[in-house]
>>> print(open('upload12.txt').read())   # compact mmCIF, C-alpha atoms and all ligand atoms
# COMPACT_ATOMS: atom_id res chain seq x y z
CA MET E 1268 -49.84 -103.82 75.80
CA ILE E 1269 -53.64 -103.47 75.82
CA ARG E 1270 -55.65 -106.12 77.72
CA PHE E 1271 -59.42 -106.68 77.69
CA ILE E 1272 -60.30 -107.14 81.38
CA THR E 1273 -63.33 -109.10 82.54
CA ASP E 1274 -62.51 -109.78 86.21
CA THR E 1275 -64.55 -107.36 88.33
CA ASN E 1276 -62.01 -107.08 91.18
CA GLU E 1277 -59.24 -106.37 88.69
CA LYS E 1278 -61.37 -103.68 87.03
CA LYS E 1279 -62.04 -102.02 90.41
CA ALA E 1280 -58.40 -102.16 91.48
CA ILE E 1281 -57.06 -100.71 88.21
CA THR E 1282 -59.71 -97.98 88.11
CA ARG E 1283 -58.95 -97.00 91.72
CA SER E 1284 -55.17 -96.93 91.23
CA ILE E 1285 -55.34 -94.80 88.06
CA LEU E 1286 -58.08 -92.37 89.10
CA GLU E 1287 -56.51 -91.70 92.51
CA ALA E 1288 -53.28 -90.80 90.71
CA LEU E 1289 -55.06 -88.23 88.54
CA PRO E 1290 -56.50 -85.63 90.96
CA GLU E 1291 -56.39 -82.93 88.23
CA TRP E 1292 -59.32 -84.73 86.55
CA PHE E 1293 -60.82 -86.95 89.25
CA GLU E 1294 -60.54 -85.01 92.51
CA VAL E 1295 -64.18 -85.43 93.57
CA GLU E 1296 -64.21 -88.58 95.69
CA GLU E 1297 -67.89 -89.28 95.18
CA SER E 1298 -67.68 -89.40 91.37
CA ARG E 1299 -64.41 -91.38 91.55
CA GLU E 1300 -66.08 -94.00 93.74
CA GLN E 1301 -69.03 -94.07 91.35
CA TYR E 1302 -66.73 -94.87 88.40
CA ILE E 1303 -65.08 -97.61 90.50
CA ARG E 1304 -68.48 -99.16 91.31
CA GLU E 1305 -69.94 -98.83 87.80
CA CYS E 1306 -66.95 -99.88 85.70
CA VAL E 1307 -67.45 -103.54 86.65
CA ASP E 1308 -70.44 -103.73 84.27
CA TRP E 1309 -68.74 -102.05 81.33
CA PRO E 1310 -66.42 -103.36 78.56
CA TYR E 1311 -62.98 -102.55 79.96
CA TRP E 1312 -59.45 -102.27 78.58
CA ALA E 1313 -56.22 -101.75 80.51
CA ALA E 1314 -52.91 -100.48 79.15
CA CYS E 1315 -49.98 -102.24 80.82
CA GLU E 1316 -46.27 -101.47 80.97
CA GLU E 1317 -44.32 -104.56 82.04
CA ASP E 1318 -47.58 -106.06 83.34
CA LYS E 1319 -48.31 -103.00 85.50
CA PRO E 1320 -51.52 -101.13 84.60
CA VAL E 1321 -50.77 -97.56 83.53
CA GLY E 1322 -54.15 -96.68 82.05
CA PHE E 1323 -57.66 -97.92 81.39
CA LEU E 1324 -60.74 -97.12 79.34
CA CYS E 1325 -64.41 -98.20 79.68
CA LEU E 1326 -67.28 -98.03 77.25
CA LYS E 1327 -70.90 -97.80 78.34
CA GLN E 1328 -73.91 -98.37 76.08
CA THR E 1329 -76.15 -95.28 76.02
CA GLY E 1330 -78.54 -96.24 73.19
CA ASP E 1331 -79.27 -98.84 70.50
CA ALA E 1332 -76.65 -97.31 68.22
CA THR E 1333 -74.33 -95.54 70.64
CA MET E 1334 -71.55 -96.34 73.05
CA GLU E 1335 -70.12 -93.72 75.38
CA LEU E 1336 -66.47 -93.49 76.28
CA ALA E 1337 -67.55 -93.49 79.93
CA VAL E 1338 -64.19 -92.93 81.58
CA MET E 1339 -60.52 -93.26 80.76
CA GLY E 1340 -57.27 -92.33 82.44
CA VAL E 1341 -53.56 -92.76 81.80
CA LEU E 1342 -50.90 -92.08 84.48
CA LYS E 1343 -49.26 -88.71 83.88
CA THR E 1344 -45.82 -90.33 83.67
CA CYS E 1345 -47.12 -92.37 80.74
CA HIS E 1346 -48.75 -89.53 78.80
CA ARG E 1347 -47.57 -88.99 75.22
CA LYS E 1348 -46.55 -92.64 74.83
CA GLY E 1349 -49.59 -93.64 72.74
CA TYR E 1350 -51.42 -95.57 75.51
CA GLY E 1351 -54.58 -93.47 75.28
CA ARG E 1352 -54.66 -93.85 71.53
CA ARG E 1353 -54.17 -97.65 71.72
CA LEU E 1354 -56.82 -97.98 74.42
CA PHE E 1355 -59.24 -96.05 72.26
CA ALA E 1356 -58.38 -98.06 69.12
CA ALA E 1357 -59.20 -101.31 70.98
CA ALA E 1358 -62.48 -99.89 72.27
CA LYS E 1359 -63.43 -98.53 68.85
CA ASP E 1360 -62.79 -101.92 67.20
CA TYR E 1361 -65.02 -103.52 69.81
CA ALA E 1362 -67.84 -100.99 69.20
CA VAL E 1363 -67.62 -101.52 65.41
CA GLN E 1364 -67.69 -105.31 65.80
CA GLN E 1365 -70.71 -105.07 68.10
CA GLY E 1366 -72.54 -103.12 65.37
CA PHE E 1367 -72.65 -99.70 67.07
CA SER E 1368 -72.77 -96.64 64.82
CA PHE E 1369 -71.50 -93.92 67.19
CA ILE E 1370 -69.23 -93.30 70.15
CA GLN E 1371 -69.86 -90.20 72.28
CA VAL E 1372 -67.72 -88.71 75.00
CA LYS E 1373 -68.34 -85.89 77.45
CA THR E 1374 -65.79 -83.50 78.92
CA VAL E 1375 -65.56 -79.96 80.26
CA LYS E 1376 -65.78 -77.45 77.41
CA GLU E 1377 -62.55 -76.08 75.96
CA GLY E 1378 -61.35 -72.77 77.40
CA MET E 1379 -62.35 -73.42 81.03
CA TYR E 1380 -59.34 -75.23 82.53
CA ALA E 1381 -55.91 -76.03 81.10
CA ASP E 1382 -56.07 -79.73 82.06
CA TYR E 1383 -59.40 -80.17 80.32
CA ASP E 1384 -58.10 -78.32 77.25
CA ILE E 1385 -55.58 -81.17 76.95
CA THR E 1386 -58.46 -83.66 77.15
CA ASN E 1387 -60.38 -81.78 74.45
CA ALA E 1388 -57.33 -81.72 72.19
CA PHE E 1389 -56.83 -85.47 72.75
CA TYR E 1390 -60.43 -86.35 71.82
CA LYS E 1391 -60.27 -84.15 68.72
CA SER E 1392 -57.02 -85.79 67.69
CA LEU E 1393 -58.78 -89.18 67.88
CA GLY E 1394 -61.35 -87.91 65.37
CA PHE E 1395 -64.20 -86.89 67.68
CA LYS E 1396 -66.34 -83.99 66.42
CA GLU E 1397 -68.12 -81.39 68.55
CA MET E 1398 -71.79 -82.28 68.90
CA GLU E 1399 -73.23 -79.95 71.56
CA VAL E 1400 -72.39 -78.08 74.74
CA ILE E 1401 -74.98 -78.55 77.51
CA GLU E 1402 -74.41 -76.48 80.64
CA SER E 1403 -77.13 -78.12 82.74
CA ILE E 1404 -75.55 -81.61 82.74
CA TRP E 1405 -72.93 -80.68 85.36
CA ASP E 1406 -72.90 -77.06 86.51
CA GLU E 1407 -72.16 -73.54 85.27
CA ALA E 1408 -68.47 -73.81 86.09
CA ASN E 1409 -68.24 -77.05 84.12
CA PRO E 1410 -70.16 -76.74 80.84
CA CYS E 1411 -70.39 -80.21 79.31
CA GLN E 1412 -68.97 -80.60 75.80
CA ILE E 1413 -70.38 -83.66 74.05
CA TYR E 1414 -68.22 -85.08 71.27
CA ILE E 1415 -69.41 -87.67 68.75
CA MET E 1416 -67.75 -90.05 66.31
CA GLY E 1417 -69.49 -92.04 63.54
CA LEU E 1418 -68.39 -95.67 63.39
CA ARG E 1419 -70.16 -97.07 60.38
CA SER E 1420 -67.78 -99.47 58.72
CA ALA E 1421 -67.79 -100.42 55.03
CA LEU E 1422 -69.30 -103.78 55.99
CA GLN E 1423 -72.12 -102.12 57.92
CA THR E 1424 -72.87 -99.79 55.00
CA ILE E 1425 -72.93 -102.76 52.60
CA ALA E 1426 -75.37 -104.55 54.91
CA ALA E 1427 -77.55 -101.43 55.23
CA ARG E 1428 -77.89 -100.84 51.47
CA HIS E 1429 -81.15 -101.93 49.86
CA SER E 1430 -82.90 -100.70 46.72
CA TYR E 1431 -85.24 -97.88 47.68
CA ARG E 1432 -88.19 -97.13 45.39
CA GLY E 1433 -90.33 -95.00 47.76
CA ALA E 1434 -90.91 -91.25 48.06
CA PHE E 1435 -88.13 -88.77 48.86
CA ALA E 1436 -88.19 -85.75 51.16
CA ASP E 1437 -88.46 -82.40 49.39
CA GLU E 1438 -84.96 -81.34 50.52
CA LYS E 1439 -82.08 -80.28 48.32
CA VAL E 1440 -79.04 -82.55 48.52
CA PRO E 1441 -75.97 -80.38 49.23
CA LYS E 1442 -73.59 -80.17 46.27
CA GLU E 1443 -70.75 -81.36 48.53
CA ASP E 1444 -72.61 -84.62 49.17
CA LEU E 1445 -73.35 -85.10 45.47
CA LYS E 1446 -69.68 -84.50 44.67
CA ALA E 1447 -68.64 -87.02 47.36
CA ILE E 1448 -70.97 -89.61 45.81
CA ALA E 1449 -69.65 -88.97 42.28
CA SER E 1450 -66.06 -89.15 43.60
CA ALA E 1451 -66.79 -92.56 45.10
CA GLY E 1452 -67.97 -93.63 41.64
CA ILE E 1453 -64.95 -92.46 39.71
CA ASP E 1454 -62.63 -93.88 42.41
CA ALA E 1455 -63.82 -97.40 41.50
CA PRO E 1456 -61.44 -99.83 39.79
CA SER E 1457 -61.62 -100.19 35.98
CA GLY E 1458 -60.13 -102.74 33.61
CA CYS E 1459 -56.58 -101.60 32.67
CA ASN E 1460 -57.51 -98.33 34.39
CA LYS E 1461 -59.33 -97.21 31.23
CA GLN E 1462 -61.83 -95.23 33.38
CA THR E 1463 -64.70 -95.79 30.96
CA THR E 1464 -67.36 -94.49 33.38
CA ASP E 1465 -68.36 -90.83 33.78
CA VAL E 1466 -71.35 -89.25 35.47
CA VAL E 1467 -73.65 -86.26 35.19
CA ILE E 1468 -74.95 -84.97 38.53
CA VAL E 1469 -78.42 -83.53 38.11
CA ASP E 1470 -79.79 -81.28 40.86
CA ASP E 1471 -81.35 -78.49 38.79
CA LYS E 1472 -85.12 -78.76 39.14
CA GLU E 1473 -85.83 -77.96 35.49
CA VAL E 1474 -83.41 -80.59 34.20
CA LEU E 1475 -84.63 -83.10 36.78
CA ASP E 1476 -88.21 -82.54 35.71
CA GLN E 1477 -87.27 -83.14 32.07
CA ILE E 1478 -85.69 -86.47 33.01
CA LYS E 1479 -88.60 -87.45 35.24
CA GLY E 1480 -90.89 -86.64 32.30
CA VAL E 1481 -89.34 -89.38 30.13
CA LEU E 1482 -89.31 -92.07 32.85
CA ASP E 1483 -92.22 -94.20 31.68
CA PRO E 1484 -93.65 -95.85 33.75
CA PRO E 1485 -92.74 -93.16 36.29
CA VAL E 1486 -90.06 -93.86 38.89
CA ALA E 1487 -88.07 -91.62 41.25
CA GLN E 1488 -90.53 -88.78 40.66
CA THR E 1489 -89.81 -87.10 44.03
CA ALA E 1490 -86.02 -87.45 43.91
CA PRO E 1491 -84.31 -84.08 44.60
CA ALA E 1492 -81.19 -85.20 42.71
CA MET E 1493 -79.97 -87.90 40.36
CA ILE E 1494 -76.68 -89.31 39.24
CA VAL E 1495 -76.78 -90.29 35.57
CA VAL E 1496 -74.14 -92.88 34.70
CA LEU E 1497 -72.38 -92.76 31.32
CA THR E 1498 -70.12 -95.37 29.77
CA ARG E 1499 -67.78 -95.50 26.77
CA ARG E 1500 -66.94 -98.76 25.03
CA ILE E 1501 -63.17 -98.39 25.11
CA ASN E 1502 -61.19 -101.62 24.80
CA ALA E 1503 -58.92 -102.41 27.73
CA TYR E 1504 -56.62 -104.52 25.52
CA ARG E 1505 -57.00 -106.33 22.16
CA ASP E 1506 -60.79 -106.72 21.73
CA ARG E 1507 -61.52 -106.91 25.47
CA CYS E 1508 -63.89 -104.20 26.66
CA PHE E 1509 -64.62 -104.07 30.41
CA ALA E 1510 -66.97 -101.08 30.27
CA ILE E 1511 -69.86 -103.01 31.87
CA GLN E 1512 -67.67 -104.22 34.74
CA ASP E 1513 -66.24 -100.69 35.11
CA TYR E 1514 -69.59 -98.96 35.42
CA SER E 1515 -70.97 -101.69 37.68
CA ALA E 1516 -68.10 -101.13 40.13
CA ALA E 1517 -68.66 -97.35 39.93
CA ILE E 1518 -72.41 -97.71 40.52
CA GLU E 1519 -71.94 -99.94 43.57
CA ASN E 1520 -69.41 -97.50 45.04
CA MET E 1521 -71.91 -94.66 44.54
CA LEU E 1522 -74.79 -96.65 46.07
CA LEU E 1523 -72.65 -97.28 49.14
CA ALA E 1524 -71.62 -93.61 49.36
CA ILE E 1525 -75.29 -92.60 49.08
CA VAL E 1526 -76.23 -94.85 52.03
CA GLU E 1527 -73.17 -93.78 54.01
CA LEU E 1528 -74.28 -90.14 53.70
CA GLY E 1529 -77.81 -90.95 54.91
CA TYR E 1530 -79.60 -91.00 51.55
CA GLN E 1531 -81.27 -93.81 49.60
CA SER E 1532 -81.27 -94.87 45.97
CA CYS E 1533 -81.92 -97.64 43.47
CA TRP E 1534 -79.92 -98.90 40.50
CA TYR E 1535 -82.31 -98.09 37.62
CA GLU E 1536 -80.76 -99.68 34.56
CA GLY E 1537 -83.29 -102.20 33.21
CA HIS E 1538 -85.95 -99.51 33.28
CA ILE E 1539 -84.10 -97.06 31.05
CA THR E 1540 -82.16 -99.41 28.71
CA ASP E 1541 -85.13 -101.48 27.50
CA GLU E 1542 -86.47 -101.40 23.92
CA ASP E 1543 -88.02 -97.96 24.44
CA ARG E 1544 -84.47 -96.58 25.04
CA ILE E 1545 -85.37 -94.01 27.69
CA CYS E 1546 -81.60 -93.77 28.20
CA ASP E 1547 -81.17 -92.10 24.78
CA ARG E 1548 -83.79 -89.51 25.62
CA ILE E 1549 -81.98 -88.77 28.90
CA GLY E 1550 -78.74 -88.49 26.90
CA SER E 1551 -80.33 -85.85 24.63
CA ILE E 1552 -81.67 -83.86 27.59
CA LEU E 1553 -78.17 -83.79 29.10
CA HIS E 1554 -76.32 -83.13 25.80
CA VAL E 1555 -74.28 -86.30 26.22
CA PRO E 1556 -71.84 -86.76 23.28
CA GLU E 1557 -72.42 -89.67 20.87
CA GLU E 1558 -69.51 -91.80 22.04
CA TYR E 1559 -71.23 -92.25 25.43
CA ASP E 1560 -74.15 -94.47 26.41
CA VAL E 1561 -76.40 -93.55 29.32
CA VAL E 1562 -76.74 -96.81 31.24
CA CYS E 1563 -78.22 -96.06 34.64
CA ILE E 1564 -79.81 -93.43 36.86
CA LEU E 1565 -79.41 -93.28 40.62
CA PRO E 1566 -81.94 -91.07 42.41
CA VAL E 1567 -80.51 -89.45 45.55
CA GLY E 1568 -82.55 -88.17 48.48
CA ARG E 1569 -83.74 -88.75 52.03
CA ALA E 1570 -86.23 -91.60 52.26
CA LEU E 1571 -89.74 -90.84 53.50
CA ASP E 1572 -91.10 -94.39 53.35
CA ASP E 1573 -90.12 -97.54 55.21
CA PHE E 1574 -88.28 -100.17 53.26
CA HIS E 1575 -86.99 -103.64 53.89
CA ALA E 1576 -84.24 -105.92 52.72
CA PRO E 1577 -85.53 -108.23 49.96
CA SER E 1578 -85.28 -111.92 50.71
CA LYS E 1579 -82.07 -113.45 49.39
CA LYS E 1580 -80.90 -117.06 49.14
CA ALA E 1581 -79.09 -118.50 52.13
CA PHE E 1582 -75.34 -117.83 52.41
CA SER E 1583 -74.63 -121.59 52.25
CA GLU E 1584 -76.47 -121.90 48.92
CA ARG E 1585 -74.23 -119.32 47.29
CA VAL E 1586 -70.88 -119.53 49.02
CA LYS E 1587 -68.62 -122.57 49.48
CA PHE E 1588 -65.10 -123.00 50.75
CA ASN E 1589 -62.49 -124.59 48.50
CA SER E 1590 -64.82 -126.60 46.21
CA TRP E 1591 -68.40 -126.40 44.94
CA ALA E 1592 -68.96 -130.11 45.78
C1 LIG G 1601 -77.92 -104.29 36.45
C2 LIG G 1601 -79.07 -103.91 37.35
C3 LIG G 1601 -80.19 -103.31 36.83
C4 LIG G 1601 -81.24 -102.93 37.67
N1 LIG G 1601 -82.31 -102.27 37.13
C5 LIG G 1601 -83.37 -101.96 37.90
C6 LIG G 1601 -84.48 -101.27 37.35
O1 LIG G 1601 -84.52 -100.94 36.17
N2 LIG G 1601 -85.52 -100.98 38.15
C7 LIG G 1601 -85.51 -101.32 39.49
O2 LIG G 1601 -86.50 -101.04 40.18
N3 LIG G 1601 -84.44 -101.94 40.05
C8 LIG G 1601 -83.38 -102.28 39.30
N4 LIG G 1601 -82.29 -102.88 39.85
C9 LIG G 1601 -82.26 -103.16 41.30
C10 LIG G 1601 -82.53 -104.65 41.57
O3 LIG G 1601 -83.89 -104.95 41.32
C11 LIG G 1601 -82.18 -104.95 43.03
O4 LIG G 1601 -80.80 -104.71 43.21
C12 LIG G 1601 -82.50 -106.38 43.43
O5 LIG G 1601 -83.88 -106.60 43.42
C13 LIG G 1601 -81.95 -106.74 44.81
O6 LIG G 1601 -82.43 -105.86 45.78
P1 LIG G 1601 -81.44 -104.98 46.69
O7 LIG G 1601 -80.77 -103.98 45.77
O8 LIG G 1601 -82.35 -104.31 47.70
O9 LIG G 1601 -80.45 -105.90 47.31
C14 LIG G 1601 -81.20 -103.21 39.06
C15 LIG G 1601 -80.04 -103.80 39.57
C16 LIG G 1601 -78.99 -104.13 38.75
C17 LIG G 1601 -77.74 -104.70 39.37
>>> encode(input="upload12.txt", output="structure tokens")
Amino acid sequence: MIRFITDTNEKKAITRSILEALPEWFEVEESREQYIRECVDWPYWAACEEDKPVGFLCLKQTGDATMELAVMGVLKTCHRKGYGRRLFAAAKDYAVQQGFSFIQVKTVKEGMYADYDITNAFYKSLGFKEMEVIESIWDEANPCQIYIMGLRSALQTIAARHSYRGAFADEKVPKEDLKAIASAGIDAPSGCNKQTTDVVIVDDKEVLDQIKGVLDPPVAQTAPAMIVVLTRRINAYRDRCFAIQDYSAAIENMLLAIVELGYQSCWYEGHITDEDRICDRIGSILHVPEEYDVVCILPVGRALDDFHAPSKKAFSERVKFNSWA
């Protein structure tokens, strides 16, 4: 069982009992005592077996967006029972709920000592990725491996998405990222699974310039890549066509993927589907077959300008429980 502990004496007692039982990792008395003193101020979880603490984990805030897994330990007799994993899951949930974007953790670099190799393997199995090794943090015999984990949840990405109409950095977007964005689009639901939405990824400068040339008035002129969204009016059943709903779901998925990967975009549909039918000119440039309509372009790139969330109506004006009355 995992318990969130707030009592400072309990935190100190658990930390002492676990760390003193793990000399392989915590043999230096001074640093052990420091953890025991400092843990009282940190969010703290204990793993208990029949009410007896067998492990603990603390998080410490190291920046606006980052928590550090400051210290954790599980009694050796309780290793490989999933306590470490459950402690970390509780701490990760907490960090996500508090709005943090990253968790970091430091340990001695792999290949130095067998006990620390186990620690490295454990962190990697939790999903941590190598960030950097810095030798000067501890000492030459203990090069410090920093691991990092991104925590952005779907809800955080939704909250972070806003239409971006500013300038983009002159940096190519890797094909892998563009493919990930397009995959998010085609993974979207569609009425009767008719999959009426397809996309053309444009990252070739010549083709991009041709598209930019027909965007009148000009928009997205500095975008290093674009996703062009195509739809086909295929009926889902009888005379019901859900193509608009299908491509809307695909576009929103792609906008969220774009933000998730650190880029910005804007849903340009009105601009290209107005009476001047810029969409048809884009279709010709891209050799889009007749049965498709081009309905939207999504520029993709790193933002250079600041941008803000537009003002929206209050939650209570738009959302009610159980009745609109
Ligand atoms: C169907 C649709 C068409 C849109 N077309 C355009 C457009 O042509 N040009 C533009 O600048 N923004 C366009 N937008 C973006 C909206 O203006 C924007 O979503 C809205 O102002 C709310 O801002 P937000 O996206 O930052 O929440 C479009 C959005 C939707 C859903």
>>> atom_distance(input="upload12.txt", atom1="CA of Ala1517 (chain E)", atom2="CA of Asp1360 (chain E)")
28.3 Å
>>> residues_near_ligand(input="upload12.txt", ligand="ligand LIG 1601 (chain G)", cutoff="6 Å", atoms="all atoms listed in the file", output="ChimeraX atom specification")
/E:1429-1430,1533-1538,1576-1577
>>> residues_around(input="upload12.txt", residues="Cys1306 (chain E)", least_positions_apart="5", cutoff="8 Å", atoms="all atoms listed in the file", output="PDB file with C-alpha atoms, in the frame of the given file")
ATOM      1  CA  LYS E1278     -61.370-103.680  87.030  1.00  0.00           C
ATOM      2  CA  LYS E1279     -62.040-102.020  90.410  1.00  0.00           C
ATOM      3  CA  THR E1282     -59.710 -97.980  88.110  1.00  0.00           C
ATOM      4  CA  TYR E1311     -62.980-102.550  79.960  1.00  0.00           C
ATOM      5  CA  CYS E1325     -64.410 -98.200  79.680  1.00  0.00           C
TER       6      CYS E1325
END
>>> residues_around(input="upload12.txt", residues="Ala1490 (chain E)", least_positions_apart="3", cutoff="6 Å", atoms="all atoms listed in the file", output="PyMOL selection string")
chain E and resi 1435+1487+1566+1568
>>> closest_residue(input="upload12.txt", among="E:Pro1456, E:Pro1441, E:Pro1410, E:Gly1433", to="Ser1532 (chain E)", atoms="all atoms listed in the file")
E:Gly1433
>>> closest_residue(input="upload12.txt", among="E:Glu1294, E:Asp1444, E:Asp1471, E:Glu1377", to="Gln1412 (chain E)", atoms="only C-alpha atoms")
E:Glu1377
>>> residues_around(input="upload12.txt", residues="Ile1539 (chain E)", least_positions_apart="4", cutoff="12 Å", atoms="all atoms listed in the file", output="list in words")
Ile1478, Lys1479, Val1481, Leu1482, Asp1483, Pro1484, Pro1485, Val1486, Val1495, Val1496, Trp1534, Tyr1535, Asp1543, Arg1544, Ile1545, Cys1546, Asp1547, Arg1548, Ile1549, Gly1550, Asp1560, Val1561, Val1562, Cys1563, Ile1564 and Leu1565 of chain E
>>> closest_residue(input="upload12.txt", among="E:Ile1552, E:Asp1573, E:Ser1284, E:Ala1447", to="Glu1473 (chain E)", atoms="only C-alpha atoms")
E:Ile1552
>>> closest_residue(input="upload12.txt", among="E:Cys1345, E:Gly1366, E:Tyr1504, E:Val1321", to="Ala1421 (chain E)", atoms="all atoms listed in the file")
E:Gly1366
>>> atom_distance(input="upload12.txt", atom1="CA of Glu1519 (chain E)", atom2="CA of Lys1446 (chain E)")
15.6 Å
>>> atom_distance(input="upload12.txt", atom1="CA of Val1295 (chain E)", atom2="CA of Lys1391 (chain E)")
25.2 Å
>>> residues_around(input="upload12.txt", residues="Lys1359 (chain E)", least_positions_apart="4", cutoff="9 Å", atoms="only C-alpha atoms", output="PDB file with C-alpha atoms, in the frame of the given file")
ATOM      1  CA  LEU E1354     -56.820 -97.980  74.420  1.00  0.00           C
ATOM      2  CA  PHE E1355     -59.240 -96.050  72.260  1.00  0.00           C
ATOM      3  CA  VAL E1363     -67.620-101.520  65.410  1.00  0.00           C
ATOM      4  CA  GLN E1364     -67.690-105.310  65.800  1.00  0.00           C
ATOM      5  CA  ILE E1370     -69.230 -93.300  70.150  1.00  0.00           C
ATOM      6  CA  LEU E1418     -68.390 -95.670  63.390  1.00  0.00           C
TER       7      LEU E1418
END
>>> build_atoms(input="upload12.txt", residues="region 1340-1352 of chain E", atoms="N, CA and C atoms", output="short mmCIF file (atom, residue, chain, number, x, y, z; two decimals), keeping the file's coordinate frame")
data_model
loop_
_atom_site.label_atom_id
_atom_site.label_comp_id
_atom_site.auth_asym_id
_atom_site.auth_seq_id
_atom_site.Cartn_x
_atom_site.Cartn_y
_atom_site.Cartn_z
N GLY E 1340 -58.35 -93.05 81.77
CA GLY E 1340 -57.27 -92.33 82.44
C GLY E 1340 -55.96 -93.03 82.15
N VAL E 1341 -54.91 -92.22 81.99
CA VAL E 1341 -53.56 -92.76 81.80
C VAL E 1341 -52.66 -92.00 82.78
N LEU E 1342 -51.81 -92.73 83.52
CA LEU E 1342 -50.90 -92.08 84.48
C LEU E 1342 -50.12 -90.97 83.80
N LYS E 1343 -49.92 -89.86 84.51
CA LYS E 1343 -49.26 -88.71 83.88
C LYS E 1343 -47.86 -89.07 83.36
N THR E 1344 -47.18 -89.95 84.10
CA THR E 1344 -45.82 -90.33 83.67
C THR E 1344 -45.85 -91.09 82.35
N CYS E 1345 -47.02 -91.59 81.99
CA CYS E 1345 -47.12 -92.37 80.74
C CYS E 1345 -47.86 -91.60 79.65
N HIS E 1346 -48.13 -90.33 79.87
CA HIS E 1346 -48.75 -89.53 78.80
C HIS E 1346 -47.78 -89.42 77.63
N ARG E 1347 -48.33 -89.20 76.46
CA ARG E 1347 -47.57 -88.99 75.22
C ARG E 1347 -46.76 -90.23 74.82
N LYS E 1348 -47.21 -91.41 75.26
CA LYS E 1348 -46.55 -92.64 74.83
C LYS E 1348 -47.49 -93.47 73.95
N GLY E 1349 -48.66 -92.93 73.64
CA GLY E 1349 -49.59 -93.64 72.74
C GLY E 1349 -50.53 -94.59 73.45
N TYR E 1350 -50.52 -94.64 74.81
CA TYR E 1350 -51.42 -95.57 75.51
C TYR E 1350 -52.89 -95.21 75.31
N GLY E 1351 -53.19 -93.91 75.43
CA GLY E 1351 -54.58 -93.47 75.28
C GLY E 1351 -55.11 -93.82 73.90
N ARG E 1352 -54.28 -93.58 72.92
CA ARG E 1352 -54.66 -93.85 71.53
C ARG E 1352 -54.91 -95.34 71.32
#
